[in-house]
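Next up, data.pdb (PDB, C-alpha atoms):
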ATOM      1  CA  MET A   1      57.342 123.203 118.798
ATOM      2  CA  LEU A   2      55.647 125.002 121.674
ATOM      3  CA  ASN A   3      57.143 124.696 125.119
ATOM      4  CA  ALA A   4      55.158 124.613 128.362
ATOM      5  CA  ALA A   5      55.410 128.380 128.808
ATOM      6  CA  ASN A   6      53.978 129.025 125.328
ATOM      7  CA  TRP A   7      51.132 126.599 125.921
ATOM      8  CA  THR A   8      50.367 128.329 129.233
ATOM      9  CA  THR A   9      50.318 131.714 127.522
ATOM     10  CA  ARG A  10      47.987 130.484 124.788
ATOM     11  CA  LEU A  11      45.701 128.749 127.267
ATOM     12  CA  TRP A  12      45.490 131.913 129.371
ATOM     13  CA  ALA A  13      44.670 133.958 126.253
ATOM     14  CA  VAL A  14      41.701 131.664 125.543
ATOM     15  CA  ARG A  15      40.563 131.703 129.174
ATOM     16  CA  ARG A  16      40.866 135.463 129.375
ATOM     17  CA  ARG A  17      38.549 135.855 126.413
ATOM     18  CA  HIS A  18      36.027 133.671 128.232
ATOM     19  CA  VAL A  19      36.358 135.712 131.416
ATOM     20  CA  VAL A  20      35.899 138.960 129.493
ATOM     21  CA  SER A  21      32.463 137.696 128.465
ATOM     22  CA  GLY A  22      31.453 138.676 132.001
ATOM     23  CA  VAL A  23      32.165 142.282 130.995
ATOM     24  CA  VAL A  24      30.918 142.220 127.407
ATOM     25  CA  GLY A  25      27.496 140.717 128.164
ATOM     26  CA  PRO A  26      26.416 143.261 130.806
ATOM     27  CA  ALA A  27      27.864 146.144 128.741
ATOM     28  CA  VAL A  28      25.975 145.154 125.574
ATOM     29  CA  PHE A  29      22.730 144.589 127.481
ATOM     30  CA  THR A  30      22.968 147.919 129.284
ATOM     31  CA  GLY A  31      23.842 149.729 126.074
ATOM     32  CA  ALA A  32      20.882 148.057 124.354
ATOM     33  CA  TRP A  33      18.290 149.265 126.857
ATOM     34  CA  ILE A  34      19.789 152.758 126.975
ATOM     35  CA  VAL A  35      19.703 153.168 123.185
ATOM     36  CA  SER A  36      16.330 151.475 122.816
ATOM     37  CA  SER A  37      14.790 153.588 125.591
ATOM     38  CA  LEU A  38      15.881 156.786 123.857
ATOM     39  CA  LEU A  39      14.404 155.630 120.539
ATOM     40  CA  GLN A  40      10.863 155.249 121.891
ATOM     41  CA  THR A  41       9.496 158.693 121.092
ATOM     42  CA  GLY A  42       6.436 159.830 122.977
ATOM     43  CA  HIS A  43       7.310 157.892 126.141
ATOM     44  CA  ARG A  44       9.494 158.678 129.102
ATOM     45  CA  ALA A  45      12.335 156.199 129.319
ATOM     46  CA  VAL A  46      11.679 155.532 133.020
ATOM     47  CA  ASP A  47       8.080 154.502 132.262
ATOM     48  CA  LEU A  48       9.095 151.706 129.882
ATOM     49  CA  GLN A  49      10.168 148.311 131.156
ATOM     50  CA  ILE A  50      13.172 146.656 129.556
ATOM     51  CA  SER A  51      11.102 143.745 128.243
ATOM     52  CA  GLY A  52       8.723 146.144 126.517
ATOM     53  CA  LEU A  53      11.604 147.477 124.439
ATOM     54  CA  ALA A  54      11.749 144.098 122.654
ATOM     55  CA  ALA A  55       8.008 143.982 121.919
ATOM     56  CA  PRO A  56       6.791 144.036 118.285
ATOM     57  CA  ASP A  57       5.266 147.509 118.662
ATOM     58  CA  ALA A  58       8.490 149.024 120.013
ATOM     59  CA  ARG A  59      10.753 150.951 117.679
ATOM     60  CA  ASP A  60      13.717 148.798 116.546
ATOM     61  CA  PRO A  61      12.973 145.904 118.946
ATOM     62  CA  TRP A  62      15.878 143.939 117.483
ATOM     63  CA  ILE A  63      18.255 146.098 119.541
ATOM     64  CA  MET A  64      16.834 144.851 122.833
ATOM     65  CA  ILE A  65      16.424 141.298 121.545
ATOM     66  CA  ALA A  66      20.116 141.292 120.641
ATOM     67  CA  GLY A  67      20.904 142.609 124.120
ATOM     68  CA  PHE A  68      19.051 139.691 125.717
ATOM     69  CA  LEU A  69      20.763 137.110 123.503
ATOM     70  CA  VAL A  70      24.279 138.506 123.938
ATOM     71  CA  LEU A  71      23.906 138.798 127.713
ATOM     72  CA  GLY A  72      22.535 135.272 127.965
ATOM     73  CA  GLY A  73      25.322 133.721 125.920
ATOM     74  CA  CYS A  74      28.001 135.657 127.785
ATOM     75  CA  CYS A  75      26.598 134.616 131.187
ATOM     76  CA  VAL A  76      26.741 130.959 130.153
ATOM     77  CA  THR A  77      30.368 131.356 129.036
ATOM     78  CA  PHE A  78      31.430 133.379 132.057
ATOM     79  CA  GLY A  79      29.715 131.033 134.493
ATOM     80  CA  ALA A  80      31.679 128.108 133.069
ATOM     81  CA  GLU A  81      34.964 129.984 133.419
ATOM     82  CA  LEU A  82      34.120 131.156 136.942
ATOM     83  CA  LEU A  83      33.356 127.561 137.905
ATOM     84  CA  ASP A  84      36.804 126.516 136.713
ATOM     85  CA  ALA A  85      38.543 129.514 138.264
ATOM     86  CA  LEU A  86      37.086 128.797 141.699
ATOM     87  CA  GLY A  87      38.285 125.206 141.765
ATOM     88  CA  GLY A  88      35.752 123.244 139.748
ATOM     89  CA  ARG A  89      32.429 121.747 140.749
ATOM     90  CA  ASP A  90      33.737 120.356 144.035
ATOM     91  CA  HIS A  91      34.894 123.746 145.354
ATOM     92  CA  ALA A  92      33.246 126.580 143.438
ATOM     93  CA  GLY A  93      29.809 126.297 145.011
ATOM     94  CA  PRO A  94      26.512 126.836 143.168
ATOM     95  CA  ALA A  95      26.980 130.516 142.208
ATOM     96  CA  PRO A  96      28.598 129.831 138.789
ATOM     97  CA  TRP A  97      25.764 127.425 137.946
ATOM     98  CA  LEU A  98      23.214 130.090 138.867
ATOM     99  CA  ILE A  99      24.955 132.590 136.590
ATOM    100  CA  GLN A 100      24.823 130.076 133.758
ATOM    101  CA  GLY A 101      21.175 129.367 134.524
ATOM    102  CA  ALA A 102      20.425 133.081 134.408
ATOM    103  CA  GLY A 103      22.112 133.163 131.011
ATOM    104  CA  VAL A 104      19.945 130.391 129.592
ATOM    105  CA  LEU A 105      16.810 132.026 130.992
ATOM    106  CA  THR A 106      17.846 135.412 129.578
ATOM    107  CA  ILE A 107      18.074 133.906 126.098
ATOM    108  CA  ALA A 108      14.611 132.410 126.600
ATOM    109  CA  ALA A 109      13.273 135.793 127.784
ATOM    110  CA  GLY A 110      14.649 137.452 124.654
ATOM    111  CA  LEU A 111      12.981 134.925 122.366
ATOM    112  CA  LEU A 112       9.671 134.700 124.237
ATOM    113  CA  ARG A 113       8.845 138.356 123.784
ATOM    114  CA  ARG A 114       6.136 140.459 125.328
ATOM    115  CA  ASP A 115       3.258 141.304 122.999
ATOM    116  CA  HIS A 116       3.163 145.018 123.762
ATOM    117  CA  MET A 117       5.631 147.688 124.753
ATOM    118  CA  LEU A 118       3.232 149.022 127.407
ATOM    119  CA  LEU A 119       1.728 146.791 130.083
ATOM    120  CA  SER A 120      -1.701 148.350 129.617
ATOM    121  CA  SER A 121      -2.058 147.536 125.927
ATOM    122  CA  GLY A 122      -4.579 144.680 126.121
ATOM    123  CA  SER A 123      -4.708 140.885 126.261
ATOM    124  CA  VAL A 124      -1.504 138.895 125.985
ATOM    125  CA  SER A 125      -0.331 135.565 124.588
ATOM    126  CA  TRP A 126       1.127 132.488 126.257
ATOM    127  CA  HIS A 127       4.674 133.559 125.423
ATOM    128  CA  ASN A 128       4.055 136.926 127.069
ATOM    129  CA  HIS A 129       3.060 135.106 130.277
ATOM    130  CA  ALA A 130       6.078 132.801 129.887
ATOM    131  CA  HIS A 131       8.330 135.820 129.537
ATOM    132  CA  ASP A 132       6.994 137.307 132.779
ATOM    133  CA  VAL A 133       7.527 134.064 134.709
ATOM    134  CA  ILE A 134      11.034 133.623 133.314
ATOM    135  CA  SER A 135      11.906 137.219 134.194
ATOM    136  CA  ALA A 136      10.793 136.684 137.797
ATOM    137  CA  VAL A 137      12.971 133.577 138.046
ATOM    138  CA  ILE A 138      15.954 135.516 136.649
ATOM    139  CA  TYR A 139      15.516 138.199 139.318
ATOM    140  CA  VAL A 140      15.554 135.609 142.114
ATOM    141  CA  ASP A 141      18.459 133.792 140.458
ATOM    142  CA  LEU A 142      20.620 136.921 140.361
ATOM    143  CA  VAL A 143      19.978 137.706 144.041
ATOM    144  CA  LEU A 144      20.852 134.142 145.077
ATOM    145  CA  ALA A 145      23.963 134.167 142.859
ATOM    146  CA  GLN A 146      25.288 137.238 144.673
ATOM    147  CA  LEU A 147      24.571 135.751 148.111
ATOM    148  CA  LEU A 148      26.168 132.408 147.289
ATOM    149  CA  LEU A 149      29.158 134.035 145.622
ATOM    150  CA  ALA A 150      29.631 136.118 148.778
ATOM    151  CA  ALA A 151      29.567 132.919 150.851
ATOM    152  CA  ARG A 152      32.117 131.283 148.553
ATOM    153  CA  PHE A 153      34.428 134.316 148.559
ATOM    154  CA  GLY A 154      34.260 134.426 152.340
ATOM    155  CA  ARG A 155      36.251 131.164 152.377
ATOM    156  CA  ASP A 156      39.020 132.508 150.124
ATOM    157  CA  ARG A 157      41.722 134.853 151.401
ATOM    158  CA  ASP A 158      42.149 136.666 148.088
ATOM    159  CA  TRP A 159      38.408 137.289 147.691
ATOM    160  CA  ARG A 160      37.237 137.730 151.297
ATOM    161  CA  ALA A 161      37.099 141.521 151.008
ATOM    162  CA  TRP A 162      34.473 141.165 148.269
ATOM    163  CA  ARG A 163      32.005 139.411 150.581
ATOM    164  CA  PRO A 164      30.427 142.494 152.234
ATOM    165  CA  TRP A 165      30.095 144.263 148.888
ATOM    166  CA  LEU A 166      28.275 141.310 147.358
ATOM    167  CA  LEU A 167      26.014 140.990 150.386
ATOM    168  CA  ALA A 168      25.204 144.694 150.146
ATOM    169  CA  SER A 169      24.490 144.504 146.414
ATOM    170  CA  ALA A 170      22.223 141.489 146.969
ATOM    171  CA  GLY A 171      20.354 143.400 149.683
ATOM    172  CA  VAL A 172      19.893 146.510 147.546
ATOM    173  CA  THR A 173      18.814 144.389 144.573
ATOM    174  CA  THR A 174      16.195 142.673 146.733
ATOM    175  CA  ALA A 175      14.850 145.987 148.046
ATOM    176  CA  LEU A 176      14.578 147.418 144.524
ATOM    177  CA  LEU A 177      12.807 144.311 143.224
ATOM    178  CA  ILE A 178      10.276 144.451 146.048
ATOM    179  CA  ALA A 179       9.584 148.113 145.289
ATOM    180  CA  PHE A 180       9.290 147.324 141.570
ATOM    181  CA  ALA A 181       6.949 144.363 142.126
ATOM    182  CA  ALA A 182       4.694 146.516 144.324
ATOM    183  CA  GLY A 183       3.850 148.753 141.360
ATOM    184  CA  THR A 184       5.018 147.464 137.986
ATOM    185  CA  SER A 185       2.722 149.898 136.175
ATOM    186  CA  ALA A 186       3.488 152.887 138.385
ATOM    187  CA  PRO A 187       5.335 155.940 137.009
ATOM    188  CA  GLY A 188       9.049 155.387 137.332
ATOM    189  CA  ALA A 189       8.741 151.586 137.641
ATOM    190  CA  GLY A 190      11.099 151.264 134.710
ATOM    191  CA  PHE A 191      13.776 153.080 136.686
ATOM    192  CA  LEU A 192      13.455 150.654 139.603
ATOM    193  CA  GLN A 193      13.679 147.712 137.232
ATOM    194  CA  ARG A 194      16.760 149.054 135.492
ATOM    195  CA  ALA A 195      18.490 149.658 138.825
ATOM    196  CA  ALA A 196      17.571 146.169 140.073
ATOM    197  CA  VAL A 197      19.014 144.613 136.909
ATOM    198  CA  THR A 198      22.115 146.810 136.702
ATOM    199  CA  ILE A 199      23.409 146.129 140.231
ATOM    200  CA  PRO A 200      23.908 142.347 139.845
ATOM    201  CA  LEU A 201      25.280 142.841 136.337
ATOM    202  CA  ALA A 202      27.772 145.344 137.764
ATOM    203  CA  ALA A 203      28.790 142.730 140.341
ATOM    204  CA  ILE A 204      29.392 140.183 137.574
ATOM    205  CA  THR A 205      31.405 142.760 135.635
ATOM    206  CA  ALA A 206      33.548 143.567 138.673
ATOM    207  CA  VAL A 207      34.326 139.898 139.341
ATOM    208  CA  ALA A 208      35.102 139.281 135.664
ATOM    209  CA  THR A 209      37.414 142.299 135.564
ATOM    210  CA  ARG A 210      39.325 141.030 138.584
ATOM    211  CA  LEU A 211      39.686 137.554 137.081
ATOM    212  CA  SER A 212      40.809 138.898 133.697
ATOM    213  CA  ARG A 213      43.795 140.710 135.160
ATOM    214  CA  SER A 214      45.913 137.823 136.397
ATOM    215  CA  PRO A 215      46.188 134.148 135.398
ATOM    216  CA  ALA A 216      48.128 133.520 138.628
ATOM    217  CA  ARG A 217      45.073 134.345 140.719
ATOM    218  CA  LEU A 218      43.003 131.895 138.735
ATOM    219  CA  ALA A 219      45.548 129.143 139.206
ATOM    220  CA  GLY A 220      46.175 130.176 142.810
ATOM    221  CA  ASN A 221      42.563 129.608 143.813
ATOM    222  CA  ARG A 222      42.717 126.071 142.571
ATOM    223  CA  ARG A 223      46.037 125.269 144.234
ATOM    224  CA  ARG A 224      44.773 126.438 147.605
ATOM    225  CA  LEU A 225      41.536 124.519 147.292
ATOM    226  CA  VAL A 226      42.729 121.206 145.906
ATOM    227  CA  LYS A 227      44.628 119.003 148.312
ATOM    228  CA  THR A 228      48.121 118.115 147.200
ATOM    229  CA  PRO A 229      48.954 114.385 147.663
ATOM    230  CA  GLY A 230      51.495 113.777 150.365
ATOM    231  CA  THR A 231      51.267 117.221 151.907
ATOM    232  CA  GLY A 232      48.525 116.397 154.412
ATOM    233  CA  GLY A 233      46.842 119.733 153.413
TER
END
As structure tokens - that is how I would like this structure written.
Amino acid sequence: MLNAANWTTRLWAVRRRHVVSGVVGPAVFTGAWIVSSLLQTGHRAVDLQISGLAAPDARDPWIMIAGFLVLGGCCVTFGAELLDALGGRDHAGPAPWLIQGAGVLTIAAGLLRRDHMLLSSGSVSWHNHAHDVISAVIYVDLVLAQLLLAARFGRDRDWRAWRPWLLASAGVTTALLIAFAAGTSAPGAGFLQRAAVTIPLAAITAVATRLSRSPARLAGNRRRLVKTPGTGG
């Protein structure tokens, strides 16, 4: 028979695997666009957008498609664990939901592929247009997630020091997205896009790494946030 300590250890092992999804997803996605960019002979990597790497005329598009799907699934899993770690739906705020939403949209973006690797390759289909709209929503989602997570961490003693970093990363992400949107077909636009995507994913990775290190911190957040009957707290 398992005692309470053994059950706690096993439960933490399961939860830790869920938290680590916040590291695995961004790592796989980043690795996918790095490898796929290098495979596209005849084109500079910085001139190719990430979505184009999954197009039918790209070389080995399955690599980037897999990156989209893995990142999306991991964001859904990590968002659920972050919601629980920050005290549940009554205390966590909307940031975990936005991360999960970004995950669902990322899966959709990976399945609704662009028609061409290059933006200047001709007419496009409905799913190409859908991909572009979904991508724009993901960009906004990731900026809002960082801002709202910063607001939530500002109310928690253990996480308060993370607030300025998240605000800064949200600001830099916004600036990069504006520069990217101003010239999506310009030389080097792919670099701006990659930077704008990598910064919020790095923020998710950092938060996931912190959460994966200590079950006490996960439990501690909840104890501080949930009122204990009879304590008047």
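Take the PyMOL selection byres ((chain A and resi 164) around 10) and apply it to this file: it picks Leu147, Ala150, Ala151, Phe153, Gly154, Arg160, Ala161, Trp162, Arg163, Trp165, Leu166, Leu167, Ala168, Ser169 and Ala170 of chain A.
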Export, as a PDB file, keeping the file's coordinate frame, the selected residues with C-alpha atoms.
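See selection-v1.pdb below for the written result:
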ATOM      1  CA  LEU A 147      24.571 135.751 148.111  1.00  0.00           C
ATOM      2  CA  ALA A 150      29.631 136.118 148.778  1.00  0.00           C
ATOM      3  CA  ALA A 151      29.567 132.919 150.851  1.00  0.00           C
ATOM      4  CA  PHE A 153      34.428 134.316 148.559  1.00  0.00           C
ATOM      5  CA  GLY A 154      34.260 134.426 152.340  1.00  0.00           C
ATOM      6  CA  ARG A 160      37.237 137.730 151.297  1.00  0.00           C
ATOM      7  CA  ALA A 161      37.099 141.521 151.008  1.00  0.00           C
ATOM      8  CA  TRP A 162      34.473 141.165 148.269  1.00  0.00           C
ATOM      9  CA  ARG A 163      32.005 139.411 150.581  1.00  0.00           C
ATOM     10  CA  TRP A 165      30.095 144.263 148.888  1.00  0.00           C
ATOM     11  CA  LEU A 166      28.275 141.310 147.358  1.00  0.00           C
ATOM     12  CA  LEU A 167      26.014 140.990 150.386  1.00  0.00           C
ATOM     13  CA  ALA A 168      25.204 144.694 150.146  1.00  0.00           C
ATOM     14  CA  SER A 169      24.490 144.504 146.414  1.00  0.00           C
ATOM     15  CA  ALA A 170      22.223 141.489 146.969  1.00  0.00           C
TER      16      ALA A 170
END
Which residues would end up in the selection if the PyMOL selection byres ((chain A and resi 109-111) around 10) were applied here, given that I need the answer as a PDB file with C-alpha atoms, in the frame of the given file?
ATOM      1  CA  SER A  51      11.102 143.745 128.243  1.00  0.00           C
ATOM      2  CA  ALA A  54      11.749 144.098 122.654  1.00  0.00           C
ATOM      3  CA  ALA A  55       8.008 143.982 121.919  1.00  0.00           C
ATOM      4  CA  TRP A  62      15.878 143.939 117.483  1.00  0.00           C
ATOM      5  CA  MET A  64      16.834 144.851 122.833  1.00  0.00           C
ATOM      6  CA  ILE A  65      16.424 141.298 121.545  1.00  0.00           C
ATOM      7  CA  ALA A  66      20.116 141.292 120.641  1.00  0.00           C
ATOM      8  CA  GLY A  67      20.904 142.609 124.120  1.00  0.00           C
ATOM      9  CA  PHE A  68      19.051 139.691 125.717  1.00  0.00           C
ATOM     10  CA  LEU A  69      20.763 137.110 123.503  1.00  0.00           C
ATOM     11  CA  VAL A  70      24.279 138.506 123.938  1.00  0.00           C
ATOM     12  CA  LEU A  71      23.906 138.798 127.713  1.00  0.00           C
ATOM     13  CA  GLY A  72      22.535 135.272 127.965  1.00  0.00           C
ATOM     14  CA  GLY A 103      22.112 133.163 131.011  1.00  0.00           C
ATOM     15  CA  VAL A 104      19.945 130.391 129.592  1.00  0.00           C
ATOM     16  CA  LEU A 105      16.810 132.026 130.992  1.00  0.00           C
ATOM     17  CA  THR A 106      17.846 135.412 129.578  1.00  0.00           C
ATOM     18  CA  ILE A 107      18.074 133.906 126.098  1.00  0.00           C
ATOM     19  CA  ALA A 108      14.611 132.410 126.600  1.00  0.00           C
ATOM     20  CA  LEU A 112       9.671 134.700 124.237  1.00  0.00           C
ATOM     21  CA  ARG A 113       8.845 138.356 123.784  1.00  0.00           C
ATOM     22  CA  ARG A 114       6.136 140.459 125.328  1.00  0.00           C
ATOM     23  CA  HIS A 127       4.674 133.559 125.423  1.00  0.00           C
ATOM     24  CA  ASN A 128       4.055 136.926 127.069  1.00  0.00           C
ATOM     25  CA  ALA A 130       6.078 132.801 129.887  1.00  0.00           C
ATOM     26  CA  HIS A 131       8.330 135.820 129.537  1.00  0.00           C
ATOM     27  CA  ASP A 132       6.994 137.307 132.779  1.00  0.00           C
ATOM     28  CA  VAL A 133       7.527 134.064 134.709  1.00  0.00           C
ATOM     29  CA  ILE A 134      11.034 133.623 133.314  1.00  0.00           C
ATOM     30  CA  SER A 135      11.906 137.219 134.194  1.00  0.00           C
ATOM     31  CA  ILE A 138      15.954 135.516 136.649  1.00  0.00           C
TER      32      ILE A 138
END
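Straight-line separation from CA of Trp33 in chain A to CA of Ile99 in chain A: 20.4 Å.
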Select all residues near (16.9, 151.4, 120.7) (cut-off 12 Å, inclusive, file coordinates), counting all atoms listed in the file, and output them as number ranges by chain.
A: 29-41, 45, 50, 52-55, 58-67
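With all atoms listed in the file as the basis for measurement, A:Leu149 is the residue among A:Val23, A:Leu176, A:Leu149, A:Val46 that approaches Gly93 in chain A most closely.
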For CA of Ile204 in chain A and CA of Gly22 in chain A, quote the distance in Å rounded to one decimal.
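Interatomic distance here is 6.1 Å.
With distances restricted to all atoms listed in the file, A:Val172 is the closest residue to Thr198 in chain A from A:Leu119, A:Ala92, A:Leu98, A:Val172.
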Measuring between all atoms listed in the file, which one of A:Ser125, A:Gln146, A:Gln193, A:Ser120 shows the shortest distance to Ala175 in chain A?
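Smallest distance to Ala175 in chain A is found for A:Gln193.
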Name the residues that the PyMOL selection byres ((chain A and resi 191) around 9) picks from the file above, as a PyMOL selection string, using the file's chain letters and numbers.
chain A and resi 45-49+180+187-190+192-196
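Near (18.3, 134.2, 136.8), the residues inside the 6 Å limit, counting only C-alpha atoms, come to A:Ala102, A:Val137, A:Ile138, A:Tyr139, A:Asp141, A:Leu142.
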One decimal, Å: what's the distance from CA of Val143 in chain A over to CA of Asp115 in chain A, could you say?
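CA of Asp115 in chain A lies 27.1 Å from CA of Val143 in chain A.
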Neighbour list for Gly79 in chain A as number ranges by chain, cut-off 7 Å, all atoms listed in the file, skip fewer than 6 positions in-chain:
A: 96-97, 99-100
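Considering the residues A:Gly42, A:Val28, A:Ser21, A:Ala145 and counting all atoms listed in the file, Val76 in chain A has its shortest atom-to-atom contact with A:Ser21.
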